[in-house]
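Pasting protein.cif here (mmCIF, C-alpha atoms):
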data_query
loop_
_atom_site.label_atom_id
_atom_site.label_comp_id
_atom_site.auth_asym_id
_atom_site.auth_seq_id
_atom_site.Cartn_x
_atom_site.Cartn_y
_atom_site.Cartn_z
CA MET R 39 -1.11 25.13 11.92
CA SER R 40 -3.64 26.04 9.20
CA GLU R 41 -7.03 24.40 9.00
CA PRO R 42 -7.16 21.42 6.62
CA GLN R 43 -8.85 22.05 3.30
CA LYS R 44 -12.50 20.99 3.22
CA LEU R 45 -13.82 18.54 0.64
CA ASN R 46 -16.66 19.66 -1.63
CA LEU R 47 -19.85 17.58 -1.32
CA LEU R 48 -22.71 17.94 -3.80
CA ILE R 49 -26.25 16.90 -2.81
CA VAL R 50 -28.66 16.54 -5.75
CA GLU R 51 -32.06 16.09 -4.07
CA ASP R 52 -35.45 17.64 -4.96
CA ASP R 53 -36.96 17.10 -1.48
CA PRO R 54 -35.92 20.23 0.50
CA HIS R 55 -36.48 18.58 3.89
CA LEU R 56 -34.31 15.59 3.00
CA ALA R 57 -31.68 17.85 1.46
CA SER R 58 -31.52 19.88 4.70
CA SER R 59 -31.22 16.67 6.73
CA LEU R 60 -28.36 15.44 4.53
CA ARG R 61 -26.59 18.77 4.92
CA LEU R 62 -26.82 18.47 8.72
CA VAL R 63 -25.56 14.86 8.73
CA ALA R 64 -22.50 15.60 6.58
CA PRO R 65 -19.23 15.76 8.59
CA ASP R 66 -17.72 19.19 9.25
CA SER R 67 -14.83 18.28 6.95
CA TYR R 68 -17.14 18.82 3.94
CA LYS R 69 -18.33 22.03 2.33
CA VAL R 70 -21.86 21.18 1.18
CA TYR R 71 -23.58 22.34 -2.02
CA VAL R 72 -27.27 21.52 -2.60
CA ALA R 73 -29.00 21.43 -5.98
CA LYS R 74 -32.64 20.41 -6.36
CA SER R 75 -32.30 19.91 -10.12
CA PRO R 76 -29.37 19.18 -12.50
CA HIS R 77 -29.26 22.66 -14.08
CA LEU R 78 -28.58 24.19 -10.62
CA ILE R 79 -25.33 22.26 -10.13
CA PRO R 80 -22.49 24.84 -10.00
CA ASP R 81 -20.09 24.39 -12.94
CA HIS R 82 -17.07 26.04 -11.33
CA VAL R 83 -16.73 23.69 -8.32
CA PHE R 84 -14.57 20.56 -8.20
CA PHE R 85 -16.65 18.04 -6.28
CA HIS R 86 -14.92 15.31 -4.29
CA ALA R 87 -18.18 13.48 -3.51
CA ALA R 88 -21.82 13.61 -4.58
CA LEU R 89 -25.11 12.25 -3.21
CA VAL R 90 -27.56 11.88 -6.09
CA ASP R 91 -31.26 11.01 -5.87
CA MET R 92 -32.22 8.59 -8.63
CA HIS R 93 -35.78 9.95 -8.99
CA LEU R 94 -35.60 13.69 -9.46
CA GLU R 95 -38.84 15.45 -10.40
CA VAL R 96 -37.60 17.68 -13.19
CA GLU R 97 -39.33 19.26 -16.19
CA PRO R 98 -40.27 17.33 -18.21
CA PRO R 99 -40.61 14.38 -15.79
CA THR R 100 -38.00 11.72 -16.56
CA PRO R 101 -37.93 8.43 -14.61
CA ALA R 102 -34.61 7.73 -12.84
CA ASP R 103 -33.22 11.03 -14.14
CA GLY R 104 -30.49 10.74 -11.52
CA LEU R 105 -28.66 8.35 -13.84
CA SER R 106 -27.97 11.15 -16.32
CA VAL R 107 -26.75 13.36 -13.44
CA VAL R 108 -24.32 10.64 -12.38
CA GLN R 109 -23.06 10.26 -15.95
CA LYS R 110 -22.49 14.03 -16.34
CA LEU R 111 -20.69 14.31 -13.00
CA VAL R 112 -18.36 11.41 -13.77
CA LYS R 113 -17.71 12.62 -17.33
CA LYS R 114 -16.70 16.04 -16.00
CA ASN R 115 -14.63 14.62 -13.14
CA PRO R 116 -13.84 10.88 -13.25
CA GLN R 117 -12.41 11.09 -9.72
CA VAL R 118 -15.66 12.14 -8.02
CA GLU R 119 -17.07 9.60 -5.55
CA VAL R 120 -20.77 9.31 -6.36
CA VAL R 121 -23.33 7.80 -3.99
CA ALA R 122 -26.69 6.98 -5.62
CA MET R 123 -29.83 7.15 -3.43
CA SER R 124 -33.25 5.63 -3.97
CA GLY R 125 -36.18 4.14 -2.13
CA ASN R 126 -36.71 1.82 -5.09
CA LEU R 127 -34.37 -1.13 -4.64
CA ASP R 128 -34.95 -2.44 -8.13
CA ARG R 129 -31.94 -4.58 -9.11
CA ALA R 130 -31.82 -3.19 -12.64
CA LEU R 131 -31.79 0.41 -11.36
CA MET R 132 -28.99 -0.32 -8.89
CA GLU R 133 -26.86 -1.95 -11.59
CA LYS R 134 -27.49 0.95 -14.00
CA ALA R 135 -26.37 3.40 -11.30
CA ILE R 136 -23.09 1.55 -10.85
CA GLN R 137 -22.59 1.24 -14.61
CA SER R 138 -23.18 5.00 -14.93
CA GLY R 139 -20.28 5.69 -12.57
CA ALA R 140 -21.68 5.61 -9.02
CA GLN R 141 -19.44 3.86 -6.50
CA ARG R 142 -22.19 3.10 -3.96
CA PHE R 143 -25.96 2.76 -3.76
CA LEU R 144 -27.80 3.62 -0.52
CA ALA R 145 -31.43 2.78 0.25
CA LYS R 146 -33.91 5.42 1.40
CA PRO R 147 -34.85 6.22 4.10
CA LEU R 148 -31.19 6.87 4.79
CA SER R 149 -29.54 5.91 8.03
CA ALA R 150 -27.58 8.84 9.44
CA ASP R 151 -24.92 6.49 10.82
CA GLU R 152 -24.53 4.65 7.52
CA LEU R 153 -24.33 7.85 5.49
CA ASN R 154 -21.82 9.35 7.90
CA ALA R 155 -19.68 6.20 7.70
CA VAL R 156 -19.74 6.32 3.89
CA LEU R 157 -18.72 9.99 3.80
CA GLU R 158 -15.91 9.32 6.27
CA LYS R 159 -14.56 6.53 4.05
CA ILE R 160 -14.68 8.83 1.01
CA GLU R 161 -12.85 11.48 3.02
CA ALA R 162 -10.21 8.93 4.04
CA TYR R 163 -9.69 7.98 0.38
CA TRP R 164 -9.18 11.60 -0.67
CA TRP R 165 -6.71 12.30 2.09
CA LEU R 166 -4.75 9.21 1.06
CA ARG R 167 -4.59 10.71 -2.43
CA PHE R 168 -3.57 14.13 -1.09
CA ALA R 169 -0.81 12.55 1.04
CA THR R 170 0.93 11.36 -2.14
CA TYR R 171 1.78 14.94 -3.04
CA GLU R 172 2.74 16.17 0.42
CA ASN R 173 6.37 16.39 1.46
CA ASN R 174 5.61 15.03 4.92
CA LEU R 175 7.66 11.87 5.28
CA SER R 176 7.00 11.67 9.02
CA ARG R 177 3.69 10.04 8.11
CA ALA R 178 3.20 6.94 6.01
CA GLN R 179 2.40 7.64 2.37
CA LEU R 180 1.12 5.44 -0.42
CA ILE R 181 2.86 6.77 -3.53
CA GLY R 182 1.92 5.86 -7.08
CA SER R 183 -0.79 6.46 -9.66
CA SER R 184 -1.23 2.97 -11.09
CA THR R 185 -4.58 1.23 -11.11
CA ALA R 186 -3.28 -1.13 -8.41
CA SER R 187 -2.27 1.77 -6.14
CA GLU R 188 -5.63 3.48 -6.59
CA ALA R 189 -7.40 0.21 -5.71
CA LEU R 190 -5.18 -0.12 -2.64
CA ARG R 191 -6.07 3.40 -1.48
CA LYS R 192 -9.75 2.59 -1.89
CA LYS R 193 -9.36 -0.61 0.13
CA VAL R 194 -7.55 1.20 2.96
CA ALA R 195 -10.17 3.97 3.00
CA GLU R 196 -13.00 1.41 3.07
CA LEU R 197 -11.58 0.09 6.35
CA LYS R 198 -11.83 3.44 8.13
CA GLY R 199 -13.91 2.94 11.27
CA GLU R 200 -13.89 -0.85 10.95
CA LYS R 201 -12.85 -2.87 14.01
CA ALA R 202 -12.34 -6.31 12.48
CA HIS R 203 -8.81 -7.67 12.08
CA VAL R 204 -6.89 -7.15 8.82
CA LEU R 205 -4.52 -9.44 6.90
CA ILE R 206 -2.02 -7.84 4.49
CA GLU R 207 -0.24 -10.17 2.04
CA GLY R 208 2.56 -9.30 -0.38
CA GLU R 209 6.17 -10.03 -1.22
CA THR R 210 8.90 -8.72 1.03
CA GLY R 211 9.64 -5.05 0.42
CA THR R 212 6.25 -4.16 -1.09
CA GLY R 213 5.24 -1.84 1.77
CA LYS R 214 3.00 -3.87 4.07
CA ASP R 215 4.20 -1.83 7.05
CA VAL R 216 3.25 1.38 5.20
CA VAL R 217 -0.29 0.12 4.59
CA SER R 218 -0.53 -0.92 8.24
CA ARG R 219 0.45 2.57 9.41
CA LEU R 220 -2.02 4.15 6.99
CA LEU R 221 -4.80 2.02 8.48
CA ASN R 222 -3.80 3.28 11.91
CA GLN R 223 -3.28 6.93 10.96
CA GLN R 224 -6.68 7.36 9.34
CA GLU R 225 -8.33 6.50 12.67
CA GLY R 226 -6.80 9.55 14.34
CA SER R 227 -4.49 9.54 17.36
CA ARG R 228 -4.46 6.00 18.75
CA PRO R 229 -1.80 3.50 19.88
CA TYR R 230 0.20 1.60 17.28
CA ILE R 231 2.49 -1.26 18.30
CA SER R 232 4.61 -3.06 15.70
CA VAL R 233 5.96 -6.57 16.34
CA ASN R 234 8.14 -8.74 14.11
CA CYS R 235 6.90 -12.27 14.77
CA SER R 236 10.09 -13.87 13.47
CA ALA R 237 11.96 -12.24 16.37
CA LEU R 238 9.68 -13.70 19.07
CA THR R 239 11.34 -16.70 20.70
CA GLU R 240 8.90 -19.47 21.61
CA ASN R 241 9.79 -19.58 25.31
CA LEU R 242 9.29 -15.82 25.75
CA PHE R 243 6.21 -15.40 23.53
CA GLU R 244 3.69 -15.16 26.39
CA SER R 245 5.87 -12.75 28.36
CA GLU R 246 6.44 -10.46 25.36
CA PHE R 247 2.90 -10.66 24.03
CA PHE R 248 0.84 -10.68 27.24
CA GLY R 249 3.32 -9.28 29.80
CA HIS R 250 4.45 -10.69 33.15
CA LEU R 251 4.53 -9.95 36.87
CA LYS R 252 7.66 -9.36 38.87
CA GLY R 253 9.17 -12.64 40.09
CA SER R 254 7.02 -14.83 37.83
CA PHE R 255 10.17 -16.45 36.39
CA THR R 256 13.92 -16.12 36.60
CA GLY R 257 14.92 -12.73 35.24
CA ALA R 258 11.51 -11.11 35.75
CA ASP R 259 12.84 -8.26 37.89
CA SER R 260 9.82 -5.99 37.37
CA ASN R 261 6.28 -5.98 36.06
CA LYS R 262 6.07 -5.78 32.29
CA ILE R 263 3.28 -4.66 29.96
CA GLY R 264 2.95 -6.91 26.91
CA PHE R 265 2.38 -5.89 23.31
CA ALA R 266 -1.35 -6.59 23.47
CA GLU R 267 -1.92 -4.36 26.49
CA ALA R 268 0.29 -1.60 25.09
CA ALA R 269 -1.88 -1.53 21.96
CA HIS R 270 -5.15 -1.23 23.95
CA GLY R 271 -7.51 1.12 22.13
CA GLY R 272 -5.45 0.95 18.94
CA ASP R 273 -3.70 -1.38 16.51
CA LEU R 274 -1.23 -4.24 16.96
CA PHE R 275 0.80 -4.88 13.79
CA LEU R 276 2.12 -8.46 13.60
CA ASP R 277 4.66 -8.54 10.79
CA GLU R 278 5.82 -11.87 9.30
CA ILE R 279 2.89 -13.68 10.92
CA GLU R 280 3.86 -16.76 8.89
CA ALA R 281 6.89 -17.21 11.17
CA LEU R 282 4.76 -17.99 14.25
CA PRO R 283 5.04 -21.66 15.33
CA LEU R 284 1.79 -23.59 15.69
CA THR R 285 1.96 -23.44 19.52
CA GLN R 286 2.11 -19.63 19.44
CA GLN R 287 -0.63 -19.53 16.82
CA ALA R 288 -2.95 -21.33 19.28
CA LYS R 289 -2.24 -18.72 21.98
CA LEU R 290 -2.81 -15.87 19.53
CA LEU R 291 -6.11 -17.45 18.43
CA ARG R 292 -7.39 -17.62 22.02
CA PHE R 293 -6.59 -13.94 22.44
CA LEU R 294 -8.39 -12.99 19.21
CA GLU R 295 -11.47 -14.98 20.21
CA SER R 296 -11.78 -13.60 23.74
CA GLY R 297 -9.89 -10.29 23.76
CA GLU R 298 -8.51 -11.38 27.13
CA ILE R 299 -4.93 -11.59 28.33
CA ARG R 300 -3.40 -13.14 31.41
CA LYS R 301 0.07 -11.96 32.31
CA VAL R 302 2.63 -14.59 33.17
CA GLY R 303 2.41 -15.12 36.92
CA ALA R 304 -1.05 -13.49 37.24
CA LYS R 305 -4.29 -15.16 38.33
CA ASP R 306 -6.75 -12.69 36.88
CA VAL R 307 -7.43 -11.92 33.25
CA GLN R 308 -7.99 -8.49 31.76
CA HIS R 309 -9.77 -7.42 28.61
CA VAL R 310 -8.07 -5.30 25.95
CA ASP R 311 -9.60 -3.68 22.87
CA VAL R 312 -7.16 -4.21 20.01
CA ARG R 313 -7.39 -4.46 16.24
CA VAL R 314 -4.76 -6.87 14.94
CA ILE R 315 -3.19 -6.07 11.57
CA ALA R 316 -1.20 -9.10 10.42
CA ALA R 317 1.21 -9.20 7.49
CA SER R 318 2.69 -12.14 5.60
CA ASN R 319 5.40 -12.30 2.92
CA ILE R 320 3.81 -15.42 1.40
CA PRO R 321 0.13 -16.29 0.86
CA LEU R 322 -1.15 -17.92 4.04
CA SER R 323 -3.35 -20.16 1.89
CA GLN R 324 -0.13 -21.87 0.83
CA LEU R 325 0.79 -22.55 4.46
CA LEU R 326 -2.73 -23.82 5.13
CA ALA R 327 -2.27 -26.46 2.44
CA GLU R 328 1.05 -27.45 4.02
CA LYS R 329 -0.52 -27.63 7.52
CA LYS R 330 1.90 -24.96 8.76
CA PHE R 331 -0.77 -22.40 9.64
CA ARG R 332 -4.00 -22.87 11.57
CA GLU R 333 -7.12 -22.53 9.44
CA ASP R 334 -9.18 -21.08 12.31
CA LEU R 335 -6.53 -18.44 12.97
CA TYR R 336 -6.39 -17.56 9.28
CA PHE R 337 -10.14 -16.89 9.13
CA ARG R 338 -9.92 -14.76 12.28
CA LEU R 339 -7.11 -12.64 10.85
CA ALA R 340 -8.53 -12.38 7.34
CA ALA R 341 -11.80 -10.66 8.24
CA HIS R 342 -10.48 -8.02 5.84
CA ARG R 343 -7.74 -9.01 3.40
CA ILE R 344 -5.42 -6.68 1.47
CA GLU R 345 -3.07 -7.90 -1.25
CA ILE R 346 -0.16 -5.72 -2.36
CA LEU R 347 1.16 -6.45 -5.85
CA PRO R 348 4.94 -6.65 -6.43
CA LEU R 349 6.56 -3.59 -7.97
CA ASN R 350 7.20 -5.26 -11.34
CA GLN R 351 3.42 -5.64 -11.78
CA ARG R 352 2.85 -1.90 -11.32
CA PRO R 353 5.75 -0.23 -13.20
CA GLN R 354 3.70 2.96 -13.56
CA ASP R 355 4.40 3.64 -9.86
CA ILE R 356 8.20 3.44 -10.17
CA PRO R 357 8.86 7.04 -11.36
CA ASP R 358 6.67 8.53 -8.62
CA ILE R 359 8.30 6.42 -5.91
CA ALA R 360 11.82 7.13 -7.16
CA GLN R 361 11.11 10.87 -7.31
CA ALA R 362 9.81 10.74 -3.73
CA PHE R 363 13.05 9.14 -2.52
CA LEU R 364 15.04 11.92 -4.22
CA GLN R 365 12.75 14.55 -2.73
CA ALA R 366 13.47 13.18 0.74
CA GLU R 367 17.16 14.04 0.27
CA ARG R 368 16.61 17.65 -0.70
CA PRO R 369 17.95 20.26 -0.13
CA LYS R 370 20.96 18.31 1.19
CA ARG R 371 21.57 16.80 -2.26
CA ASN R 372 19.98 18.54 -5.21
CA LYS R 373 19.72 15.67 -7.69
CA SER R 374 17.06 14.95 -10.29
CA PHE R 375 16.21 12.12 -12.67
CA ASP R 376 16.55 12.35 -16.42
CA GLU R 377 13.48 10.90 -18.17
CA SER R 378 15.63 8.16 -19.69
CA ALA R 379 16.84 7.15 -16.22
CA LEU R 380 13.26 6.73 -15.00
CA LYS R 381 12.50 4.53 -18.02
CA GLU R 382 15.56 2.45 -17.19
CA LEU R 383 14.29 1.97 -13.65
CA GLN R 384 10.92 0.89 -15.02
CA SER R 385 12.52 -1.79 -17.21
CA TYR R 386 14.15 -3.55 -14.23
CA THR R 387 12.43 -6.50 -12.50
CA TRP R 388 12.91 -5.32 -8.85
CA PRO R 389 13.03 -8.64 -6.98
CA GLY R 390 13.40 -6.66 -3.74
CA ASN R 391 10.43 -4.41 -4.61
CA VAL R 392 10.16 -0.90 -3.11
CA ARG R 393 12.82 -1.62 -0.50
CA GLU R 394 15.34 -2.40 -3.26
CA LEU R 395 14.26 0.67 -5.26
CA LYS R 396 14.90 2.83 -2.20
CA ARG R 397 18.42 1.42 -1.78
CA VAL R 398 19.20 1.93 -5.48
CA CYS R 399 17.96 5.54 -5.39
CA GLU R 400 20.09 6.26 -2.32
CA GLN R 401 23.15 4.86 -4.12
CA LEU R 402 22.38 6.82 -7.29
CA ILE R 403 22.22 10.04 -5.28
CA LEU R 404 25.71 9.34 -3.93
CA THR R 405 27.42 7.92 -7.03
CA SER R 406 26.02 9.86 -10.00
CA PRO R 407 28.65 12.46 -10.99
CA LEU R 408 26.18 15.01 -12.41
CA PRO R 409 23.21 16.82 -10.82
CA VAL R 410 21.05 14.90 -13.30
CA ILE R 411 20.94 11.12 -12.88
CA ARG R 412 21.25 9.56 -16.36
CA ASP R 413 20.22 6.20 -17.79
CA SER R 414 23.89 5.19 -17.94
CA ASP R 415 24.20 5.78 -14.16
CA VAL R 416 21.23 3.48 -13.58
CA GLN R 417 22.55 0.85 -16.00
CA LYS R 418 25.94 0.67 -14.31
CA LEU R 419 24.48 0.34 -10.84
CA LEU R 420 21.84 -2.24 -11.75
CA LEU R 421 24.32 -4.21 -13.85
CA ARG R 422 26.80 -4.34 -10.99
CA ASP R 423 24.18 -5.39 -8.44
CA SER R 424 22.57 -7.95 -10.74
CA TYR R 425 25.91 -9.46 -11.67
CA SER R 426 26.96 -9.60 -8.01
CA ALA R 427 23.73 -11.39 -7.06
CA SER R 428 24.10 -13.89 -9.89
CA THR R 429 27.72 -14.95 -9.34
CA THR R 430 28.23 -18.55 -8.34
CA ARG R 431 30.34 -19.85 -5.52
CA MET R 432 34.07 -20.18 -6.24
CA GLN R 433 35.50 -23.56 -7.15
CA LEU R 434 38.81 -24.16 -5.37
CA ASP R 435 39.95 -26.87 -7.81
CA GLN R 436 40.65 -24.50 -10.72
CA SER R 437 43.64 -22.29 -11.54
CA LEU R 438 43.58 -18.54 -11.11
CA ASP R 439 43.78 -18.05 -14.88
CA ALA R 440 40.80 -20.36 -15.47
CA PHE R 441 38.79 -18.62 -12.76
CA LEU R 442 39.49 -15.15 -14.18
CA LYS R 443 38.59 -16.22 -17.72
CA ALA R 444 35.36 -17.81 -16.51
CA GLN R 445 34.36 -14.66 -14.63
CA GLU R 446 35.35 -12.45 -17.58
CA LYS R 447 33.21 -14.54 -19.92
CA LYS R 448 30.29 -14.48 -17.53
CA PHE R 449 30.49 -10.72 -17.07
CA ILE R 450 30.74 -9.90 -20.79
CA ASP R 451 27.96 -12.35 -21.59
CA TYR R 452 25.76 -10.78 -18.92
CA CYS R 453 26.50 -7.27 -20.15
CA LEU R 454 25.59 -8.23 -23.71
CA SER R 455 22.35 -9.85 -22.58
CA GLN R 456 21.33 -6.74 -20.65
CA THR R 457 22.31 -4.06 -23.18
CA LYS R 458 21.57 -6.08 -26.35
CA ASP R 459 23.82 -3.61 -28.16
CA ILE R 460 27.56 -3.76 -28.92
CA ASP R 461 28.13 0.00 -28.56
CA LYS R 462 26.29 0.23 -25.22
CA CYS R 463 28.21 -2.78 -23.96
CA CYS R 464 31.51 -1.15 -25.02
CA ASP R 465 30.55 2.02 -23.13
CA LEU R 466 29.84 0.05 -19.97
CA LEU R 467 33.01 -2.07 -20.24
CA LYS R 468 35.06 0.94 -21.39
CA ILE R 469 36.72 -0.97 -24.24
CA SER R 470 36.72 -0.53 -28.01
CA ARG R 471 34.52 -2.46 -30.43
CA SER R 472 37.52 -4.38 -31.79
CA SER R 473 38.57 -5.39 -28.25
CA LEU R 474 35.06 -6.57 -27.46
CA TYR R 475 34.81 -8.64 -30.65
CA LYS R 476 38.21 -10.16 -29.84
CA LYS R 477 37.02 -11.12 -26.35
CA ILE R 478 33.84 -12.63 -27.79
CA LYS R 479 35.91 -14.82 -30.08
CA GLU R 480 38.57 -15.76 -27.49
CA LEU R 481 36.06 -16.66 -24.78
CA ASP R 482 33.67 -18.39 -27.19
CA ILE R 483 30.73 -16.15 -26.27
CA ASN R 484 27.59 -16.86 -28.24
CA TYR R 485 26.43 -13.46 -29.52
CA GLU R 486 24.46 -12.75 -32.67
#

Structure rendered as structure tokens:
Amino acid sequence: MSEPQKLNLLIVEDDPHLASSLRLVAPDSYKVYVAKSPHLIPDHVFFHAALVDMHLEVEPPTPADGLSVVQKLVKKNPQVEVVAMSGNLDRALMEKAIQSGAQRFLAKPLSADELNAVLEKIEAYWWLRFATYENNLSRAQLIGSSTASEALRKKVAELKGEKAHVLIEGETGTGKDVVSRLLNQQEGSRPYISVNCSALTENLFESEFFGHLKGSFTGADSNKIGFAEAAHGGDLFLDEIEALPLTQQAKLLRFLESGEIRKVGAKDVQHVDVRVIAASNIPLSQLLAEKKFREDLYFRLAAHRIEILPLNQRPQDIPDIAQAFLQAERPKRNKSFDESALKELQSYTWPGNVRELKRVCEQLILTSPLPVIRDSDVQKLLLRDSYSASTTRMQLDQSLDAFLKAQEKKFIDYCLSQTKDIDKCCDLLKISRSSLYKKIKELDINYE
């Protein structure tokens, strides 16, 4: 396996001793460039990160000249992660640094641990970006270039090295499990245990979560390690945390407060080191108001909170995600999207979010007759699925003829509302314009 590509780190610092110290502190994953003045910054290098002193002694002397350096770096490469440095913690200077494009401001004298932690978080962010373009589906990937996806990458990267628990909230199908795995993967090789809380029965919660000893209850034929112990030294992902009954929430809270577990049938307790990553399909604040979720447990879990927006609020991500699903099927099925098909996918509301988009892409790969998936292929599939989801229950007190006419009217009306064009509707229904107009009149369909 080849060595991973190093990130380029620029240090703009006029103090040679401090510059040398910063070079030594930087992780080995960075290739370091040092410039003691702005005109010595190499033009040909793409910098992933930069440490910039705010008070460079250049000719002629210019107070806080580092601000202009930050502005030039960001103008040349808006993606660079700039860290401003200064021993002057003047509020106005710090705000100007951020307004100029710096993402962080560190106080001198610098702490080696703090600087190392910051550079590791920047590294984590860049590798999350790189993972989007890798065809390595064995690892979790956060795909998409929208502002929301970029903010999500930043949030995940900020949590690198953090031990506090994490709460992920978002609609079903938005990818909470993907974010959870990314949080785990960026910490290196460590345990990851995933649990669906809705599948934990109340009478077996303690046994499944904490483990049990042989003979502790009927059916306990051997010792069992619980989820918490299995995740020792790593992460425990609790999906659908909102499904936990209040009695189980109390037991989970005690574990989070103490880090101790007692197996069913055991007298002694043992300590485990686990970061809990909880996920909820609905905002837990809503359950707090309804007294269905413990407030103290919520504040324990939400030490760090991540919100994932639904897919219809980040349509810019849809083409990238759809293309990734197609890429996963190659070379077995060599299909591609026409640009019009991608636009058609973007215009849909996606109530099932990324999970629904994945299912639709899989069906398009199988059903589209040409190597190129067209907008008409997407329209037919989405129209069929949407109509199927919207059909009402059958009424058994009507004749077959009345039922068929009602369904025919509903289907034509739905098709017209979706296409908003007579010719497109005719193409989908495979009937002539005159036949469609006749149906509209016969079935008393309101169409203008």

May I have a table of the residues of range 292-369 of chain R lying at most 6 Å from range 198-220 of chain R, giving each one's closest pair of atoms and their distance in Å to one decimal, counting only C-alpha atoms, ordered by chain and ascending residue number, as JSON lines?
{"residue": "R:Arg313", "atom": "CA", "partner": "R:His203", "partner_atom": "CA", "distance": 5.4}
{"residue": "R:Val314", "atom": "CA", "partner": "R:His203", "partner_atom": "CA", "distance": 5.0}
{"residue": "R:Ile315", "atom": "CA", "partner": "R:Val204", "partner_atom": "CA", "distance": 4.7}
{"residue": "R:Ala316", "atom": "CA", "partner": "R:Leu205", "partner_atom": "CA", "distance": 4.9}
{"residue": "R:Ala317", "atom": "CA", "partner": "R:Ile206", "partner_atom": "CA", "distance": 4.6}
{"residue": "R:Ser318", "atom": "CA", "partner": "R:Glu207", "partner_atom": "CA", "distance": 5.0}
{"residue": "R:Asn319", "atom": "CA", "partner": "R:Glu209", "partner_atom": "CA", "distance": 4.8}
{"residue": "R:Leu339", "atom": "CA", "partner": "R:His203", "partner_atom": "CA", "distance": 5.4}
{"residue": "R:Ala340", "atom": "CA", "partner": "R:Leu205", "partner_atom": "CA", "distance": 5.0}
{"residue": "R:Ala341", "atom": "CA", "partner": "R:His203", "partner_atom": "CA", "distance": 5.7}
{"residue": "R:His342", "atom": "CA", "partner": "R:Val204", "partner_atom": "CA", "distance": 4.7}
{"residue": "R:Arg343", "atom": "CA", "partner": "R:Leu205", "partner_atom": "CA", "distance": 4.8}
{"residue": "R:Ile344", "atom": "CA", "partner": "R:Ile206", "partner_atom": "CA", "distance": 4.7}
{"residue": "R:Glu345", "atom": "CA", "partner": "R:Glu207", "partner_atom": "CA", "distance": 4.9}
{"residue": "R:Ile346", "atom": "CA", "partner": "R:Gly208", "partner_atom": "CA", "distance": 4.9}

Quiz item: What lies within 6 Å of range 329-338 of chain R using only C-alpha atoms, ignoring chain neighbours under 3 positions off, as a ChimeraX atom specification?
Solution: /R:291,325-326

Exercise. Using all atoms listed in the file, pick whichever of R:Ser184, R:Ser406, R:Gln401, R:Asn222 has the shortest atom-to-atom distance to Phe275 in chain R.
Key: R:Asn222

Self-check item: Using all atoms listed in the file: which of R:Pro65, R:Gly104, R:Pro229, R:Gly182 has the shortest distance to Asp358 in chain R
Solution: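 Among the listed residues, the smallest separation from Asp358 in chain R belongs to R:Gly182.
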
Practice problem: Just give me the gap between CA of Val307 in chain R and CA of Phe248 in chain R in Å, one decimal is fine. | Solution: 10.3 Å

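The space separating CA of Val233 in chain R from CA of Ala360 in chain R comes to 27.8 Å.
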